[in-house]
>>> print(open('query_6.txt').read())   # compact mmCIF, C-alpha atoms
# COMPACT_ATOMS: atom_id res chain seq x y z
CA MET S 264 37.11 -11.96 5.40
CA SER S 265 36.11 -12.57 9.04
CA ARG S 266 39.80 -12.48 10.07
CA TRP S 267 40.24 -9.09 8.34
CA TRP S 268 37.22 -7.67 10.17
CA ALA S 269 38.54 -8.99 13.49
CA GLN S 270 41.98 -7.53 12.92
CA ALA S 271 40.57 -4.21 11.68
CA GLY S 272 38.69 -3.74 14.92
CA ARG S 273 41.95 -3.77 16.91
CA TRP S 274 43.40 -0.62 15.36
CA PRO S 275 42.11 2.98 15.35
CA VAL S 276 42.22 3.26 11.56
CA GLY S 277 40.58 -0.13 11.19
CA ARG S 278 37.83 0.84 13.59
CA ALA S 279 37.21 4.04 11.62
CA ILE S 280 36.95 2.10 8.36
CA LEU S 281 34.65 -0.41 10.01
CA ALA S 282 32.41 2.34 11.35
CA ALA S 283 32.28 4.05 7.96
CA LEU S 284 31.25 0.82 6.27
CA VAL S 285 28.50 0.21 8.81
CA VAL S 286 27.15 3.75 8.35
CA SER S 287 27.26 3.27 4.57
CA LEU S 288 25.30 0.02 4.79
CA LEU S 289 22.66 1.62 6.99
CA ALA S 290 22.27 4.56 4.60
CA CYS S 291 21.63 2.16 1.73
CA GLY S 292 18.85 0.45 3.66
CA THR S 293 20.49 -2.96 3.90
CA PRO S 294 17.82 -5.46 4.92
CA PHE S 295 18.17 -7.85 7.79
CA THR S 296 16.10 -10.71 9.09
CA SER S 297 15.18 -11.79 12.57
CA SER S 298 16.09 -15.40 13.28
CA PRO S 299 13.88 -17.30 13.31
CA LEU S 300 11.04 -15.46 11.57
CA PRO S 301 7.61 -15.74 13.24
CA GLU S 302 5.19 -18.00 11.42
CA ALA S 303 2.33 -16.49 9.43
CA SER S 304 -0.95 -18.20 10.33
CA GLN S 305 -3.64 -18.70 7.71
CA VAL S 306 -7.17 -17.47 8.33
CA PRO S 307 -9.63 -20.10 7.01
CA VAL S 308 -11.72 -17.91 4.70
CA GLY S 309 -11.86 -20.53 1.94
CA ASP S 310 -11.12 -19.95 -1.72
CA ARG S 311 -12.09 -16.37 -2.48
CA ASP S 312 -10.80 -13.46 -4.49
CA LEU S 313 -9.84 -10.76 -1.97
CA TYR S 314 -9.41 -7.16 -3.12
CA GLY S 315 -8.30 -5.48 0.08
CA VAL S 316 -8.26 -5.66 3.87
CA ALA S 317 -8.65 -3.16 6.73
CA TRP S 318 -8.30 -3.47 10.52
CA LEU S 319 -10.51 -0.89 12.22
CA ARG S 320 -9.88 0.87 15.51
CA ASP S 321 -12.53 -1.25 17.28
CA GLY S 322 -10.77 -4.48 16.26
CA THR S 323 -13.03 -5.33 13.32
CA VAL S 324 -11.32 -6.75 10.22
CA VAL S 325 -12.99 -5.91 6.89
CA VAL S 326 -12.31 -7.40 3.46
CA THR S 327 -13.59 -6.82 -0.03
CA PHE S 328 -14.17 -10.13 -1.76
CA ALA S 329 -15.94 -12.18 -4.41
CA PRO S 330 -17.33 -15.65 -3.69
CA GLU S 331 -15.59 -18.77 -4.96
CA ARG S 332 -15.98 -19.25 -8.73
CA ASP S 333 -18.35 -16.31 -8.96
CA ASP S 334 -17.85 -13.43 -11.38
CA THR S 335 -20.10 -11.05 -9.47
CA LEU S 336 -18.68 -7.70 -8.47
CA ALA S 337 -16.66 -7.18 -5.31
CA ARG S 338 -18.54 -7.38 -2.03
CA LEU S 339 -17.78 -5.98 1.41
CA GLY S 340 -17.74 -7.93 4.67
CA THR S 341 -16.29 -8.36 8.14
CA VAL S 342 -14.17 -11.44 8.80
CA ASP S 343 -13.70 -13.43 12.01
CA LEU S 344 -9.96 -14.15 12.24
CA ALA S 345 -10.55 -17.34 14.23
CA SER S 346 -13.26 -19.01 12.15
CA GLY S 347 -12.73 -17.24 8.83
CA GLU S 348 -16.47 -16.57 8.59
CA ILE S 349 -17.34 -13.51 6.50
CA ASP S 350 -20.43 -11.46 7.36
CA GLU S 351 -21.45 -9.40 4.35
CA LEU S 352 -21.96 -5.63 4.74
CA PRO S 353 -24.16 -3.39 2.58
CA LEU S 354 -22.95 -1.23 -0.29
CA PRO S 355 -24.09 2.35 -0.93
CA PRO S 356 -27.62 2.63 -2.38
CA ASN S 357 -27.64 1.84 -6.09
CA GLN S 358 -28.44 5.04 -7.96
CA GLY S 359 -28.57 3.98 -11.59
CA CYS S 360 -25.45 1.78 -11.51
CA ARG S 361 -25.15 -1.09 -13.95
CA GLY S 362 -22.81 -2.66 -11.40
CA GLN S 363 -21.26 -1.74 -8.04
CA HIS S 364 -17.68 -2.39 -6.91
CA ALA S 365 -16.31 -2.23 -3.37
CA ARG S 366 -12.53 -1.77 -3.27
CA GLU S 367 -9.69 -0.75 -0.94
CA PRO S 368 -11.26 -0.91 2.54
CA THR S 369 -9.26 1.54 4.66
CA PRO S 370 -9.58 2.64 8.30
CA LEU S 371 -10.40 6.34 8.44
CA PRO S 372 -8.93 8.61 11.14
CA ASP S 373 -12.33 9.03 12.82
CA GLY S 374 -12.81 5.26 13.21
CA ARG S 375 -15.17 4.73 10.30
CA LEU S 376 -14.47 2.44 7.36
CA GLY S 377 -13.26 4.07 4.17
CA LEU S 378 -14.17 2.49 0.85
CA LEU S 379 -13.31 3.07 -2.80
CA TYR S 380 -16.72 2.76 -4.42
CA VAL S 381 -17.17 2.37 -8.18
CA CYS S 382 -20.56 2.76 -9.84
CA GLU S 383 -20.46 1.29 -13.33
CA GLN S 384 -22.55 3.14 -15.88
CA ASP S 385 -23.24 2.58 -19.56
CA ASP S 386 -22.05 6.08 -20.46
CA PRO S 387 -19.49 7.49 -19.73
CA GLY S 388 -17.91 4.41 -18.14
CA HIS S 389 -18.02 4.72 -14.37
CA ASN S 390 -18.10 7.10 -11.44
CA ALA S 391 -15.87 6.54 -8.44
CA SER S 392 -15.88 8.00 -4.96
CA ILE S 393 -14.32 7.57 -1.54
CA GLU S 394 -17.09 6.72 0.92
CA ALA S 395 -17.16 6.57 4.72
CA PHE S 396 -19.24 3.80 6.30
CA ASP S 397 -20.43 3.91 9.91
CA ARG S 398 -21.01 0.32 11.08
CA GLN S 399 -23.28 1.40 13.92
CA SER S 400 -25.73 3.48 11.90
CA ARG S 401 -25.09 1.45 8.68
CA ARG S 402 -24.91 4.73 6.79
CA PHE S 403 -22.56 5.89 4.05
CA GLU S 404 -21.18 9.40 3.58
CA ARG S 405 -19.63 10.47 0.29
CA LEU S 406 -16.31 12.16 1.13
CA PHE S 407 -14.60 12.67 -2.23
CA GLY S 408 -15.96 12.45 -5.76
CA LEU S 409 -13.36 11.02 -8.15
CA GLU S 410 -15.13 11.43 -11.49
CA SER S 411 -12.28 13.52 -12.93
CA ILE S 412 -9.71 10.69 -12.92
CA TRP S 413 -9.44 7.18 -14.31
CA VAL S 414 -9.65 4.81 -11.34
CA SER S 415 -9.21 1.05 -11.48
CA SER S 416 -8.59 -0.05 -7.90
CA GLY S 417 -6.15 2.54 -6.64
CA PRO S 418 -5.24 2.67 -2.96
CA TYR S 419 -5.90 6.02 -1.31
CA THR S 420 -5.21 7.85 1.94
CA VAL S 421 -7.17 10.51 3.83
CA SER S 422 -5.85 13.32 6.03
CA PRO S 423 -6.60 13.20 9.78
CA ASP S 424 -9.13 16.05 9.43
CA LEU S 425 -10.88 14.23 6.52
CA GLN S 426 -10.47 17.29 4.28
CA TRP S 427 -7.92 15.89 1.82
CA ALA S 428 -7.34 12.63 -0.01
CA VAL S 429 -4.50 11.33 -2.18
CA ILE S 430 -5.26 8.38 -4.46
CA ALA S 431 -3.29 6.24 -6.89
CA HIS S 432 -4.92 5.99 -10.30
CA GLY S 433 -4.32 5.01 -13.89
CA GLY S 434 -3.84 1.26 -13.81
CA LEU S 435 -0.97 -1.14 -13.24
CA ILE S 436 1.55 0.21 -15.78
CA CYS S 437 0.86 3.95 -15.62
CA GLU S 438 0.15 4.73 -11.97
CA GLY S 439 0.17 8.32 -10.77
CA LEU S 440 -1.13 10.18 -7.72
CA ALA S 441 -4.00 12.65 -7.58
CA ARG S 442 -5.04 14.94 -4.73
CA PHE S 443 -8.60 15.90 -3.82
CA SER S 444 -10.20 18.31 -1.39
CA ARG S 445 -13.81 17.90 -0.31
CA SER S 446 -14.78 20.27 -3.13
CA GLY S 447 -12.94 18.48 -5.93
CA PRO S 448 -9.56 17.80 -7.58
CA ASP S 449 -6.54 19.84 -6.54
CA PRO S 450 -3.05 19.93 -8.12
CA LEU S 451 -0.25 17.90 -6.57
CA PRO S 452 2.80 19.85 -7.83
CA VAL S 453 5.44 17.42 -6.57
CA THR S 454 8.41 16.20 -8.62
CA ILE S 455 10.62 13.31 -7.54
CA SER S 456 14.01 12.43 -8.98
CA ASP S 457 16.45 9.54 -8.94
CA GLU S 458 19.67 9.05 -10.91
CA GLY S 459 18.90 11.85 -13.35
CA ARG S 460 15.28 10.84 -14.01
CA SER S 461 12.43 13.06 -12.80
CA PHE S 462 8.66 13.21 -13.10
CA ARG S 463 5.71 14.99 -11.55
CA LEU S 464 3.41 12.81 -9.45
CA ASP S 465 0.14 14.13 -10.87
CA THR S 466 1.10 13.76 -14.53
CA PRO S 467 -2.20 12.81 -16.22
CA VAL S 468 -2.62 9.09 -16.92
CA ASP S 469 -5.54 7.30 -18.53
CA GLY S 470 -4.78 3.61 -18.16
CA ALA S 471 -4.11 3.13 -21.88
CA GLY S 472 -0.49 2.16 -21.28
CA LYS S 473 1.09 5.09 -23.13
CA CYS S 474 3.26 6.48 -20.36
CA ALA S 475 6.90 5.70 -21.17
CA ASP S 476 7.87 9.36 -20.68
CA THR S 477 6.87 9.41 -17.00
CA GLY S 478 7.46 7.36 -13.86
CA ARG S 479 5.06 5.59 -11.54
CA ALA S 480 3.71 6.46 -8.08
CA HIS S 481 1.58 4.22 -5.90
CA PHE S 482 0.36 3.29 -2.40
CA PRO S 483 0.11 6.69 -0.67
CA THR S 484 -0.32 6.54 3.10
CA TRP S 485 -0.85 9.48 5.48
CA SER S 486 0.98 9.35 8.82
CA PRO S 487 -1.22 9.31 11.94
CA ASP S 488 0.09 12.74 13.03
CA GLY S 489 -0.85 14.22 9.64
CA ARG S 490 2.63 15.55 8.88
CA THR S 491 3.87 13.09 6.26
CA ILE S 492 2.51 11.23 3.25
CA ALA S 493 4.63 8.20 2.39
CA PHE S 494 4.35 6.60 -1.04
CA PHE S 495 6.18 4.37 -3.49
CA GLY S 496 7.74 6.15 -6.47
CA SER S 497 9.54 4.71 -9.47
CA PRO S 498 11.57 7.18 -11.54
CA ALA S 499 13.32 4.06 -12.90
CA SER S 500 10.14 3.39 -14.94
CA ILE S 501 10.85 6.41 -17.14
CA GLY S 502 11.88 5.33 -20.63
CA ARG S 503 10.29 1.91 -20.32
CA SER S 504 7.09 0.88 -22.05
CA GLY S 505 4.57 -1.90 -21.75
CA GLN S 506 5.12 -4.74 -19.30
CA SER S 507 8.82 -3.87 -18.94
CA ARG S 508 7.77 -0.99 -16.67
CA LEU S 509 6.82 -3.60 -14.07
CA ASP S 510 10.48 -4.65 -13.82
CA ALA S 511 11.58 -1.22 -12.57
CA ASP S 512 12.27 -0.90 -8.84
CA TRP S 513 10.45 1.34 -6.39
CA ASN S 514 11.73 3.73 -3.75
CA VAL S 515 9.93 4.98 -0.65
CA TYR S 516 9.40 8.76 -0.57
CA LEU S 517 8.26 10.88 2.35
CA LEU S 518 6.24 13.95 1.43
CA ASP S 519 5.77 16.87 3.83
CA ALA S 520 1.99 17.25 3.91
CA THR S 521 2.20 21.03 4.42
CA ASP S 522 4.85 22.32 2.02
CA LEU S 523 4.76 19.27 -0.32
CA SER S 524 8.54 18.80 -0.24
CA PRO S 525 9.56 15.15 -0.85
CA ARG S 526 12.59 13.35 0.53
CA PRO S 527 13.80 9.88 -0.44
CA GLY S 528 13.69 6.94 1.93
CA LEU S 529 14.30 3.24 1.35
CA ARG S 530 15.47 2.41 -2.18
CA GLY S 531 15.37 -0.58 -4.48
CA VAL S 532 12.16 -2.50 -3.70
CA HIS S 533 10.98 -4.77 -6.51
CA ASN S 534 7.25 -5.42 -7.01
CA ALA S 535 6.45 -3.20 -4.01
CA ARG S 536 2.94 -3.29 -2.55
CA GLY S 537 0.80 -2.34 0.42
CA LEU S 538 2.68 0.54 2.05
CA ARG S 539 1.04 1.36 5.41
CA TRP S 540 2.02 3.39 8.48
CA SER S 541 1.96 1.66 11.86
CA PRO S 542 -0.64 3.05 14.30
CA ASP S 543 2.08 4.84 16.29
CA GLY S 544 3.57 6.40 13.15
CA MET S 545 7.04 4.98 13.83
CA ARG S 546 7.26 2.36 11.07
CA LEU S 547 6.00 1.53 7.62
CA ALA S 548 4.98 -1.97 6.53
CA PHE S 549 5.07 -3.19 2.95
CA ALA S 550 5.48 -6.29 0.80
CA GLY S 551 7.95 -6.84 -2.00
CA GLN S 552 11.38 -8.11 -2.91
CA ILE S 553 14.70 -6.68 -1.69
CA GLY S 554 17.69 -8.33 -3.27
CA GLU S 555 16.79 -12.00 -3.61
CA GLN S 556 14.40 -12.02 -0.65
CA LYS S 557 10.63 -11.79 -1.10
CA GLY S 558 8.36 -11.15 1.84
CA THR S 559 6.70 -8.65 4.13
CA TRP S 560 8.86 -5.97 5.76
CA THR S 561 8.80 -3.02 8.10
CA VAL S 562 11.05 0.02 7.94
CA ASN S 563 11.75 2.97 10.19
CA PRO S 564 11.99 5.98 7.84
CA VAL S 565 14.73 7.45 10.02
CA ASP S 566 17.34 4.73 9.42
CA ASN S 567 15.83 3.00 6.34
CA VAL S 568 16.88 -0.44 7.56
CA PRO S 569 14.06 -2.88 6.63
CA PRO S 570 13.74 -5.98 8.83
CA LEU S 571 11.98 -8.89 7.17
CA ILE S 572 9.05 -9.93 9.35
CA SER S 573 7.69 -12.76 7.18
CA SER S 574 8.63 -14.62 4.03
CA THR S 575 4.92 -14.54 3.14
CA ASP S 576 4.69 -12.06 0.28
CA LEU S 577 1.36 -10.25 0.74
CA ASP S 578 -0.67 -8.29 -1.81
CA TRP S 579 -2.75 -6.18 0.64
CA LEU S 580 -2.02 -5.64 4.29
CA ALA S 581 -3.28 -3.82 7.37
CA TRP S 582 -1.91 -3.20 10.88
CA SER S 583 -3.75 -4.23 14.02
CA PRO S 584 -4.79 -1.23 16.16
CA ASP S 585 -2.08 -2.04 18.75
CA GLY S 586 0.63 -2.48 16.10
CA THR S 587 1.53 -6.04 17.10
CA GLN S 588 0.08 -7.90 14.10
CA ILE S 589 -0.50 -7.51 10.37
CA VAL S 590 -3.32 -9.13 8.45
CA GLY S 591 -2.93 -9.48 4.72
CA ALA S 592 -4.12 -11.22 1.57
CA LYS S 593 -1.97 -13.16 -0.85
CA SER S 594 -3.14 -14.19 -4.32
CA TYR S 595 -2.39 -17.56 -5.88
CA VAL S 596 -3.47 -19.73 -8.81
CA SER S 597 -5.39 -22.83 -7.76
CA ALA S 598 -4.86 -26.32 -9.18
CA ALA S 599 -7.84 -25.66 -11.44
CA GLY S 600 -6.17 -22.56 -12.84
CA ASP S 601 -8.42 -20.07 -11.02
CA LEU S 602 -7.08 -16.94 -9.35
CA SER S 603 -7.86 -16.97 -5.64
CA SER S 604 -6.55 -15.55 -2.36
CA ARG S 605 -5.59 -16.58 1.14
CA LEU S 606 -5.71 -14.44 4.25
CA PHE S 607 -2.75 -14.49 6.67
CA LEU S 608 -2.01 -13.13 10.14
CA ILE S 609 1.60 -12.13 10.84
CA PRO S 610 2.99 -11.23 14.29
CA VAL S 611 5.13 -8.07 14.22
CA PRO S 612 8.24 -8.03 16.43
CA ALA S 613 8.75 -4.99 18.63
CA PRO S 614 11.05 -2.37 17.06
>>> encode(input="query_6.txt", output="structure tokens")
Amino acid sequence: MSRWWAQAGRWPVGRAILAALVVSLLACGTPFTSSPLPEASQVPVGDRDLYGVAWLRDGTVVVTFAPERDDTLARLGTVDLASGEIDELPLPPNQGCRGQHAREPTPLPDGRLGLLYVCEQDDPGHNASIEAFDRQSRRFERLFGLESIWVSSGPYTVSPDLQWAVIAHGGLICEGLARFSRSGPDPLPVTISDEGRSFRLDTPVDGAGKCADTGRAHFPTWSPDGRTIAFFGSPASIGRSGQSRLDADWNVYLLDATDLSPRPGLRGVHNARGLRWSPDGMRLAFAGQIGEQKGTWTVNPVDNVPPLISSTDLDWLAWSPDGTQIVGAKSYVSAAGDLSSRLFLIPVPAP
């Protein structure tokens, strides 16, 4: 094979064929790896369940967590990346909640910490909201009420002007996307298609697992310039039911935030997670499997060629403010059979 490629490059026709093949490979988003890959360093946070991570503009890293072997609800805290020490932060004032959950810490465009907050109630279930937390004043502001949808722990994204939010909801098997303004829910009339299968992103889901007639959408992320919402979509899930839906691959889609027109990006990511724009808006980071390779990747949505940046397969991830590192959590099962998490720091090569 190498001899054929060498000979092909000597002739005009061969060079044309070679160029066409290269262009074809790039269009398909063929992954490549840097050699050698930078090492992921572990942050010594101990054995904890981690439910999300954020890296704020001022350099503060925030996690949602539960203590070791403790079934209490998720807590919120800052973490020192050198020592692993976690300093607990407050939750919103308890207003008749049977229990309080802190999920999906997310840096907001204005520098505050965003939080998916769930207030458990006896009837009718729970109320959820997206809250903004100011670390200086220690005050919370309710940005979006989410009572109209079924929320488990869906990632969300907020527009640069803080007037709109898009959130994933519905649970692991039946994820969809919902859009909210500051005054309440708003339709998201967007349909994506792949290989003859189509579905609308805001098709109602309730988490009951009865969703074989629709696809899945997850991990929305708003670009820093406000023009594009990237997300994972899985039309391949249509026609599948139960746990088999988890075997369907994901594609990256890029949604124009103004006219709501979607265009496809990278295709064929298995078990995709954690899609996040870089601070400069030039790349997306995510975790998942492409071909036989599991790990953490970046991709430029212009060429859709995803370099592997680490073989560490994260569950949640966040960019550093300068775009040179990614911090992320990875779940594992301990020797005692308990589900726990580790926190890793990954250097990101320059594009």
>>> closest_atom_pairs(input="query_6.txt", of="range 566-608 of chain S", to="range 301-319 of chain S", cutoff="7 Å", atoms="all atoms listed in the file", output="JSON lines")
{"residue": "S:Ser573", "atom": "CA", "partner": "S:Pro301", "partner_atom": "CA", "distance": 6.8}
{"residue": "S:Trp579", "atom": "CA", "partner": "S:Gly315", "partner_atom": "CA", "distance": 5.6}
{"residue": "S:Leu580", "atom": "CA", "partner": "S:Val316", "partner_atom": "CA", "distance": 6.3}
{"residue": "S:Ala581", "atom": "CA", "partner": "S:Ala317", "partner_atom": "CA", "distance": 5.4}
{"residue": "S:Trp582", "atom": "CA", "partner": "S:Trp318", "partner_atom": "CA", "distance": 6.4}
{"residue": "S:Ser583", "atom": "CA", "partner": "S:Trp318", "partner_atom": "CA", "distance": 5.8}
{"residue": "S:Pro584", "atom": "CA", "partner": "S:Leu319", "partner_atom": "CA", "distance": 7.0}
{"residue": "S:Gly591", "atom": "CA", "partner": "S:Val316", "partner_atom": "CA", "distance": 6.6}
{"residue": "S:Ala592", "atom": "CA", "partner": "S:Leu313", "partner_atom": "CA", "distance": 6.7}
{"residue": "S:Ser603", "atom": "CA", "partner": "S:Asp312", "partner_atom": "CA", "distance": 4.7}
{"residue": "S:Ser604", "atom": "CA", "partner": "S:Asp312", "partner_atom": "CA", "distance": 5.2}
{"residue": "S:Leu606", "atom": "CA", "partner": "S:Val306", "partner_atom": "CA", "distance": 5.3}
{"residue": "S:Phe607", "atom": "CA", "partner": "S:Gln305", "partner_atom": "CA", "distance": 4.4}
{"residue": "S:Leu608", "atom": "CA", "partner": "S:Ser304", "partner_atom": "CA", "distance": 5.2}
>>> residues_around(input="query_6.txt", residues="range 457-465 of chain S", least_positions_apart="2", cutoff="8 Å", atoms="all atoms listed in the file", output="PDB file with C-alpha atoms, in the frame of the given file")
ATOM      1  CA  GLY S 439       0.170   8.320 -10.770  1.00  0.00           C
ATOM      2  CA  LEU S 440      -1.130  10.180  -7.720  1.00  0.00           C
ATOM      3  CA  ALA S 441      -4.000  12.650  -7.580  1.00  0.00           C
ATOM      4  CA  PRO S 450      -3.050  19.930  -8.120  1.00  0.00           C
ATOM      5  CA  LEU S 451      -0.250  17.900  -6.570  1.00  0.00           C
ATOM      6  CA  PRO S 452       2.800  19.850  -7.830  1.00  0.00           C
ATOM      7  CA  VAL S 453       5.440  17.420  -6.570  1.00  0.00           C
ATOM      8  CA  THR S 454       8.410  16.200  -8.620  1.00  0.00           C
ATOM      9  CA  ILE S 455      10.620  13.310  -7.540  1.00  0.00           C
ATOM     10  CA  PRO S 467      -2.200  12.810 -16.220  1.00  0.00           C
ATOM     11  CA  THR S 477       6.870   9.410 -17.000  1.00  0.00           C
ATOM     12  CA  GLY S 478       7.460   7.360 -13.860  1.00  0.00           C
ATOM     13  CA  ARG S 479       5.060   5.590 -11.540  1.00  0.00           C
ATOM     14  CA  ALA S 480       3.710   6.460  -8.080  1.00  0.00           C
ATOM     15  CA  PRO S 498      11.570   7.180 -11.540  1.00  0.00           C
ATOM     16  CA  ALA S 499      13.320   4.060 -12.900  1.00  0.00           C
ATOM     17  CA  ILE S 501      10.850   6.410 -17.140  1.00  0.00           C
TER      18      ILE S 501
END
>>> atom_distance(input="query_6.txt", atom1="CA of Pro370 in chain S", atom2="CA of Pro525 in chain S")
24.6 Å
>>> atom_distance(input="query_6.txt", atom1="CA of Thr559 in chain S", atom2="CA of Pro542 in chain S")
17.2 Å
>>> atom_distance(input="query_6.txt", atom1="CA of His364 in chain S", atom2="CA of Leu379 in chain S")
8.1 Å
>>> residues_around(input="query_6.txt", residues="Asp512 in chain S", least_positions_apart="6", cutoff="6 Å", atoms="all atoms listed in the file", output="mmCIF file with C-alpha atoms, in the coordinates of the input")
data_model
loop_
_atom_site.group_PDB
_atom_site.id
_atom_site.type_symbol
_atom_site.label_atom_id
_atom_site.label_comp_id
_atom_site.auth_asym_id
_atom_site.auth_seq_id
_atom_site.Cartn_x
_atom_site.Cartn_y
_atom_site.Cartn_z
ATOM 1 C CA GLY S 531 15.370 -0.580 -4.480
ATOM 2 C CA VAL S 532 12.160 -2.500 -3.700
ATOM 3 C CA HIS S 533 10.980 -4.770 -6.510
#
>>> residues_around(input="query_6.txt", residues="Phe482 in chain S", least_positions_apart="6", cutoff="9 Å", atoms="all atoms listed in the file", output="list in words")
Gly417, Pro418, Tyr419, Thr420, Ile430, Ala431, Leu440, Ala493, Phe494, Phe495, Gly496, Arg536, Gly537, Leu538 and Arg539 of chain S
>>> residues_around(input="query_6.txt", residues="Arg361 in chain S", least_positions_apart="5", cutoff="9 Å", atoms="all atoms listed in the file", output="list in words")
Cys382, Glu383, Gln384 and Asp385 of chain S
>>> closest_residue(input="query_6.txt", among="S:Leu409, S:Ala365, S:Ala599, S:Val590", to="Asp343 in chain S", atoms="all atoms listed in the file")
S:Val590
>>> closest_residue(input="query_6.txt", among="S:Leu509, S:Val611, S:Val325, S:Leu435", to="Leu344 in chain S", atoms="all atoms listed in the file")
S:Val325
>>> axis_aligned_box(input="query_6.txt", around="range 472-475 of chain S", padding_each_side="3 Å", output="JSON")
{"center_x": 3.2, "center_y": 4.3, "center_z": -21.7, "size_x": 13.4, "size_y": 10.3, "size_z": 8.8}
>>> closest_residue(input="query_6.txt", among="S:Ser346, S:Thr491, S:Ser500, S:Thr587", to="Thr521 in chain S", atoms="all atoms listed in the file")
S:Thr491
>>> residues_around(input="query_6.txt", residues="Cys474 in chain S", least_positions_apart="5", cutoff="9 Å", atoms="only C-alpha atoms", output="PDB file with C-alpha atoms, in the coordinates of the input")
ATOM      1  CA  ILE S 436       1.550   0.210 -15.780  1.00  0.00           C
ATOM      2  CA  CYS S 437       0.860   3.950 -15.620  1.00  0.00           C
ATOM      3  CA  VAL S 468      -2.620   9.090 -16.920  1.00  0.00           C
ATOM      4  CA  ILE S 501      10.850   6.410 -17.140  1.00  0.00           C
ATOM      5  CA  GLY S 502      11.880   5.330 -20.630  1.00  0.00           C
ATOM      6  CA  ARG S 503      10.290   1.910 -20.320  1.00  0.00           C
ATOM      7  CA  SER S 504       7.090   0.880 -22.050  1.00  0.00           C
ATOM      8  CA  GLY S 505       4.570  -1.900 -21.750  1.00  0.00           C
TER       9      GLY S 505
END
>>> residues_near_point(input="query_6.txt", point="(-27.2, -2.7, -8.3)", cutoff="12 Å", atoms="only C-alpha atoms", output="ChimeraX atom specification")
/S:335-338,353-365,381-384
>>> residues_near_point(input="query_6.txt", point="(-13.9, 1.2, 10.7)", cutoff="9 Å", atoms="all atoms listed in the file", output="list in words")
Ala317, Trp318, Leu319, Arg320, Asp321, Gly322, Thr323, Val324, Val325, Pro368, Thr369, Pro370, Leu371, Pro372, Asp373, Gly374, Arg375, Leu376, Gly377, Ala395, Phe396, Asp397 and Arg398 of chain S
>>> write_last_selection(input="query_6.txt", atoms="C-alpha atoms", output="PDB file, keeping the file's coordinate frame")
ATOM      1  CA  ALA S 317      -8.650  -3.160   6.730  1.00  0.00           C
ATOM      2  CA  TRP S 318      -8.300  -3.470  10.520  1.00  0.00           C
ATOM      3  CA  LEU S 319     -10.510  -0.890  12.220  1.00  0.00           C
ATOM      4  CA  ARG S 320      -9.880   0.870  15.510  1.00  0.00           C
ATOM      5  CA  ASP S 321     -12.530  -1.250  17.280  1.00  0.00           C
ATOM      6  CA  GLY S 322     -10.770  -4.480  16.260  1.00  0.00           C
ATOM      7  CA  THR S 323     -13.030  -5.330  13.320  1.00  0.00           C
ATOM      8  CA  VAL S 324     -11.320  -6.750  10.220  1.00  0.00           C
ATOM      9  CA  VAL S 325     -12.990  -5.910   6.890  1.00  0.00           C
ATOM     10  CA  PRO S 368     -11.260  -0.910   2.540  1.00  0.00           C
ATOM     11  CA  THR S 369      -9.260   1.540   4.660  1.00  0.00           C
ATOM     12  CA  PRO S 370      -9.580   2.640   8.300  1.00  0.00           C
ATOM     13  CA  LEU S 371     -10.400   6.340   8.440  1.00  0.00           C
ATOM     14  CA  PRO S 372      -8.930   8.610  11.140  1.00  0.00           C
ATOM     15  CA  ASP S 373     -12.330   9.030  12.820  1.00  0.00           C
ATOM     16  CA  GLY S 374     -12.810   5.260  13.210  1.00  0.00           C
ATOM     17  CA  ARG S 375     -15.170   4.730  10.300  1.00  0.00           C
ATOM     18  CA  LEU S 376     -14.470   2.440   7.360  1.00  0.00           C
ATOM     19  CA  GLY S 377     -13.260   4.070   4.170  1.00  0.00           C
ATOM     20  CA  ALA S 395     -17.160   6.570   4.720  1.00  0.00           C
ATOM     21  CA  PHE S 396     -19.240   3.800   6.300  1.00  0.00           C
ATOM     22  CA  ASP S 397     -20.430   3.910   9.910  1.00  0.00           C
ATOM     23  CA  ARG S 398     -21.010   0.320  11.080  1.00  0.00           C
TER      24      ARG S 398
END
